[in-house]
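Scroll down for the structure; my scribbles are underneath it.
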Amino acid sequence: MAAAPVPEGAPVEPQDSSSSAESLDRLYPAVGSSKPPRKRTTSQCKSEPPLLRTSKRTIYTAGRPPWYNEHGTQSKEAFVIGLGGGSASGKTTVATMIIEALDVPWVVLLSMDSFYKVLTKQQQEQAASNDFNFDHPDAFDFDLIIATLKKLKQGKSVKIPIYDFTTHSRKKEWKTLYGANVIIFEGIMAFADKELLKLLDLKIFVDTDSDIRLVRRLRRDISERGRDIEGVIKQYNKFVKPAFDQYIQPTMRLADIVVPRGSGNTVAIDLIVQHVHSQLEERKLRWDMAALASAHQCHPLPQTLSVLKSTPQVRGMHTIIRNKETSRDEFIFYSKRLMRLLIEHALSLLPFQSCTVQTPQGHDYEGRTYSGKQITGVSILRAGETMEPALRAVCKDVRIGTILIQTNCNTGEPELHYLRLPKDISEDHVILMDCTVSTGAAAMMAVRVLLDHDVPEDKIFLLSLLMAEMGVHSVAYAFPRVKIITTAVDKKVNDLFRIIPGIGNFGDRYFGTDAPPDWSDDEDALST
């Protein structure tokens, strides 16, 4: 990527020694001397940032990214930023600043620190005495890194190992990371493998003075990893500094952008953000919810939507449950009646095939029978579980699963907190239940979870008592083969993402709890 030089300082050009060059030959693709050198643009505690960051918590989720064509298949790959540099150079801080400045949906940060290899007993003993080299390419599981990054780039979810630096071992539990528009992959050896380099769309090297890196490493390893000063300095002199000179600093020549002074170089970060925005525009990976909502006003409702016929009976029940003066008992009673009708309507849309049976009088009857294997209901907690009795009442031996999505109070991010799905759900028709859908945030995240469990998109039926047009369009845009079924669609959503005229906070009215002042109609799934 060509870019103008940055006023805050010129990039530091690497000084490749002959020994470093030899060690690089087996790791990196050759840089042809016939090509003109690319211009490089230049632009602190290390804490693990959230896996997903955005300022608009009610709109965006860790659900499936909406860059799918009319056939429901992925048409674009995610934009991957590689962030390299020495240990404690400020890579994670720079990555966090980029994520904050980007302010786009579906951004994930993948750290190379999660992919250290599992140590043998002898290596564990060496690590305990600071005699194991963690700053060597052989210390990382590159096969797992590449496989993980490939899946993420395709929009699929992955399992990420959790590494414990105090015990130098992987923990038993793994964390789930979902696909994104932008993936930031950071690590000391981010550019240390040919296959890995092919997956990076933009390569950034964070160049920080060695004295600053040592001070940061001392602070981090002593305060966060239980090390002593003597051990940290021993490890630094024996492994960290030589590895930087041999394996890390020479990779600066592979970078598109060099950022001296790391997070202090705000000009470089601004230029990086501008470039990423332009790349997303070019790849059509930007998704502006406000623009999308505006576009909805002039587009017809999608063909995947089925609305229960507004008979006098249905409209009468809506009149009762929408009335703010309705008592809780009446609200529950008429909501249950409406749920029953909604479930019956949804079941009529399942695939059926012809079937001949014999009546007690000995005559044949040409009937219909469900042609699928099994029906599974999945409720989005908490409001969605109120629809389970209606499903059980009309669908014999139905299996039930649950999904709990909550908003992180510190980051404002929707997160998957609990998941219980029946085995072999991939072969079922799934009735996904939530009572109200405004923006579609919770619904899209829940659909994404089902897709990650191999449920075919066209076998997912999203059921809701009330939906906003914005939510209908958002879900249909991201998942064009998911069937959307509701009893009514309201046209508007206000600035707080409440459906207008709406029904109120369904969960609080049903369970008799108090709604928080900033709730939205998706908040039943996004908060407790």
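Following the order of the structure tokens, first chain is A, next is B, and so on, with residues numbered from 1 inside each chain and ligands from 1 in the order they appear.
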Can you check which residues of stretch 77-242 of chain A DSSP gives as alpha helix (DSSP H) on the backbone and send them as a ChimeraX atom specification? /A:91-102,121-128,142-153,194-198,210-224,229-235,241-242
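The list of residues with at least one atom within 7 Å of A:Gly471, based on only C-alpha atoms and without residues fewer than 4 positions apart in the same chain, reads A:Val437, A:Ser438, A:Thr439, A:Gly440, A:Met467, A:Val475.
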Excluding stretch 424-432 of chain A and its own-chain neighbours fewer than 5 positions away, which residues fall within 7 Å of it when counting only C-alpha atoms? Please give them as an MDAnalysis selection string. chainID A and resid 373:379 453:456 459:463
Keeping C-alpha atoms for every residue in the selection just given, could you write it to a file as a compact mmCIF listing (two decimals), in the first residue's frame?
# COMPACT_ATOMS: atom_id res chain seq x y z
CA LYS A 373 -36.68 -35.66 10.31
CA GLN A 374 -37.50 -33.75 13.50
CA ILE A 375 -38.54 -30.33 14.82
CA THR A 376 -36.45 -28.55 17.45
CA GLY A 377 -37.41 -25.36 19.24
CA VAL A 378 -34.70 -22.93 20.35
CA SER A 379 -35.67 -20.02 22.60
CA HIS A 453 -23.86 -25.91 14.55
CA ASP A 454 -24.44 -26.83 10.91
CA VAL A 455 -28.16 -26.11 10.82
CA PRO A 456 -28.98 -25.30 7.16
CA LYS A 459 -34.29 -24.91 7.89
CA ILE A 460 -34.35 -22.03 10.39
CA PHE A 461 -37.73 -20.43 11.19
CA LEU A 462 -37.49 -17.20 13.19
CA LEU A 463 -40.72 -16.63 15.14
Please indicate the distance in Å from atom CA of A:Ile332 to atom CA of A:Pro501, rounded to one decimal place.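 Going from atom CA of A:Ile332 over to atom CA of A:Pro501, I get 19.4 Å.
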Between A:Asn133, A:Ser87, A:Thr304, A:Thr166, which has the minimum distance to A:Met189 (counting only C-alpha atoms)? A:Ser87
Using only C-alpha atoms, determine which residues lie at most 8 Å from stretch 109-120 of chain A, disregarding the query and same-chain residues fewer than 6 positions distant; provide the list as a PyMOL selection string. chain A and resi 49-52+95+139-142+144-145+160-163+168-170+183-190
Same residues, N, CA and C atoms, saved as a PDB file, in the first residue's frame:
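That gives us part.pdb:
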ATOM      1  N   PRO A  49      -7.951  -7.072  25.023  1.00  0.00           N
ATOM      2  CA  PRO A  49      -9.137  -6.296  24.691  1.00  0.00           C
ATOM      3  C   PRO A  49     -10.320  -7.197  24.415  1.00  0.00           C
ATOM      4  N   PRO A  50     -11.504  -6.623  24.333  1.00  0.00           N
ATOM      5  CA  PRO A  50     -12.669  -7.446  23.991  1.00  0.00           C
ATOM      6  C   PRO A  50     -12.499  -8.076  22.624  1.00  0.00           C
ATOM      7  N   LEU A  51     -13.146  -9.207  22.408  1.00  0.00           N
ATOM      8  CA  LEU A  51     -13.051  -9.884  21.125  1.00  0.00           C
ATOM      9  C   LEU A  51     -13.806  -9.134  20.051  1.00  0.00           C
ATOM     10  N   LEU A  52     -14.754  -8.321  20.447  1.00  0.00           N
ATOM     11  CA  LEU A  52     -15.575  -7.605  19.481  1.00  0.00           C
ATOM     12  C   LEU A  52     -15.813  -6.213  20.025  1.00  0.00           C
ATOM     13  N   ALA A  95      -3.598  -2.071  18.200  1.00  0.00           N
ATOM     14  CA  ALA A  95      -4.756  -2.786  17.667  1.00  0.00           C
ATOM     15  C   ALA A  95      -6.052  -2.253  18.271  1.00  0.00           C
ATOM     16  N   ALA A 139       8.186 -22.117  18.685  1.00  0.00           N
ATOM     17  CA  ALA A 139       7.371 -22.121  19.904  1.00  0.00           C
ATOM     18  C   ALA A 139       5.885 -21.980  19.594  1.00  0.00           C
ATOM     19  N   PHE A 140       5.549 -21.623  18.344  1.00  0.00           N
ATOM     20  CA  PHE A 140       4.160 -21.361  17.977  1.00  0.00           C
ATOM     21  C   PHE A 140       3.595 -22.474  17.096  1.00  0.00           C
ATOM     22  N   ASP A 141       2.306 -22.700  17.265  1.00  0.00           N
ATOM     23  CA  ASP A 141       1.592 -23.699  16.478  1.00  0.00           C
ATOM     24  C   ASP A 141       1.049 -23.022  15.213  1.00  0.00           C
ATOM     25  N   PHE A 142       1.902 -22.896  14.194  1.00  0.00           N
ATOM     26  CA  PHE A 142       1.518 -22.176  12.974  1.00  0.00           C
ATOM     27  C   PHE A 142       0.423 -22.898  12.199  1.00  0.00           C
ATOM     28  N   LEU A 144      -2.136 -24.488  13.426  1.00  0.00           N
ATOM     29  CA  LEU A 144      -3.401 -24.117  14.040  1.00  0.00           C
ATOM     30  C   LEU A 144      -3.736 -22.652  13.758  1.00  0.00           C
ATOM     31  N   ILE A 145      -2.724 -21.793  13.785  1.00  0.00           N
ATOM     32  CA  ILE A 145      -2.940 -20.368  13.494  1.00  0.00           C
ATOM     33  C   ILE A 145      -3.514 -20.194  12.090  1.00  0.00           C
ATOM     34  N   ILE A 160     -10.657 -20.942  20.033  1.00  0.00           N
ATOM     35  CA  ILE A 160      -9.332 -20.384  20.300  1.00  0.00           C
ATOM     36  C   ILE A 160      -8.812 -20.947  21.627  1.00  0.00           C
ATOM     37  N   PRO A 161      -7.590 -21.498  21.635  1.00  0.00           N
ATOM     38  CA  PRO A 161      -7.031 -21.967  22.908  1.00  0.00           C
ATOM     39  C   PRO A 161      -6.745 -20.804  23.849  1.00  0.00           C
ATOM     40  N   ILE A 162      -6.808 -21.067  25.127  1.00  0.00           N
ATOM     41  CA  ILE A 162      -6.488 -20.045  26.139  1.00  0.00           C
ATOM     42  C   ILE A 162      -5.182 -20.450  26.805  1.00  0.00           C
ATOM     43  N   TYR A 163      -4.166 -19.594  26.697  1.00  0.00           N
ATOM     44  CA  TYR A 163      -2.841 -19.928  27.220  1.00  0.00           C
ATOM     45  C   TYR A 163      -2.625 -19.270  28.578  1.00  0.00           C
ATOM     46  N   HIS A 168       2.629 -21.760  31.909  1.00  0.00           N
ATOM     47  CA  HIS A 168       3.172 -22.106  30.581  1.00  0.00           C
ATOM     48  C   HIS A 168       2.426 -23.294  29.970  1.00  0.00           C
ATOM     49  N   SER A 169       1.099 -23.213  29.995  1.00  0.00           N
ATOM     50  CA  SER A 169       0.320 -24.323  29.460  1.00  0.00           C
ATOM     51  C   SER A 169      -1.025 -23.818  28.945  1.00  0.00           C
ATOM     52  N   ARG A 170      -1.653 -24.622  28.085  1.00  0.00           N
ATOM     53  CA  ARG A 170      -2.987 -24.291  27.625  1.00  0.00           C
ATOM     54  C   ARG A 170      -4.011 -24.720  28.668  1.00  0.00           C
ATOM     55  N   ILE A 183     -10.461  -8.442  10.709  1.00  0.00           N
ATOM     56  CA  ILE A 183      -9.752  -9.296  11.668  1.00  0.00           C
ATOM     57  C   ILE A 183      -8.373  -8.695  11.874  1.00  0.00           C
ATOM     58  N   ILE A 184      -8.013  -8.443  13.120  1.00  0.00           N
ATOM     59  CA  ILE A 184      -6.671  -7.959  13.438  1.00  0.00           C
ATOM     60  C   ILE A 184      -5.918  -9.097  14.116  1.00  0.00           C
ATOM     61  N   PHE A 185      -4.858  -9.540  13.471  1.00  0.00           N
ATOM     62  CA  PHE A 185      -4.039 -10.631  14.003  1.00  0.00           C
ATOM     63  C   PHE A 185      -2.711 -10.047  14.452  1.00  0.00           C
ATOM     64  N   GLU A 186      -2.424 -10.154  15.759  1.00  0.00           N
ATOM     65  CA  GLU A 186      -1.200  -9.533  16.276  1.00  0.00           C
ATOM     66  C   GLU A 186      -0.315 -10.551  16.980  1.00  0.00           C
ATOM     67  N   GLY A 187       1.006 -10.357  16.843  1.00  0.00           N
ATOM     68  CA  GLY A 187       1.951 -11.237  17.505  1.00  0.00           C
ATOM     69  C   GLY A 187       3.374 -10.951  17.071  1.00  0.00           C
ATOM     70  N   ILE A 188       4.321 -11.422  17.864  1.00  0.00           N
ATOM     71  CA  ILE A 188       5.728 -11.145  17.564  1.00  0.00           C
ATOM     72  C   ILE A 188       6.173 -11.830  16.272  1.00  0.00           C
ATOM     73  N   MET A 189       5.562 -12.968  15.949  1.00  0.00           N
ATOM     74  CA  MET A 189       5.919 -13.708  14.735  1.00  0.00           C
ATOM     75  C   MET A 189       4.797 -13.632  13.696  1.00  0.00           C
ATOM     76  N   ALA A 190       4.088 -12.508  13.666  1.00  0.00           N
ATOM     77  CA  ALA A 190       2.939 -12.371  12.770  1.00  0.00           C
ATOM     78  C   ALA A 190       3.323 -12.509  11.301  1.00  0.00           C
TER      79      ALA A 190
END
Report as an MDAnalysis selection string all protein, DNA and RNA residues lying within 8 Å of stretch 479-491 of chain A, evaluated on only C-alpha atoms, omitting residues in the same chain fewer than 6 positions from it. chainID A and resid 66 68 70:72 304:310 314 338 342 346 457:470 472 499:502
Could you check which of A:Leu196, A:Ile403, A:Leu152, A:Leu214 is closest to A:Val240, using only C-alpha atoms?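 Counting only C-alpha atoms, the residue closest to A:Val240 is A:Leu214.
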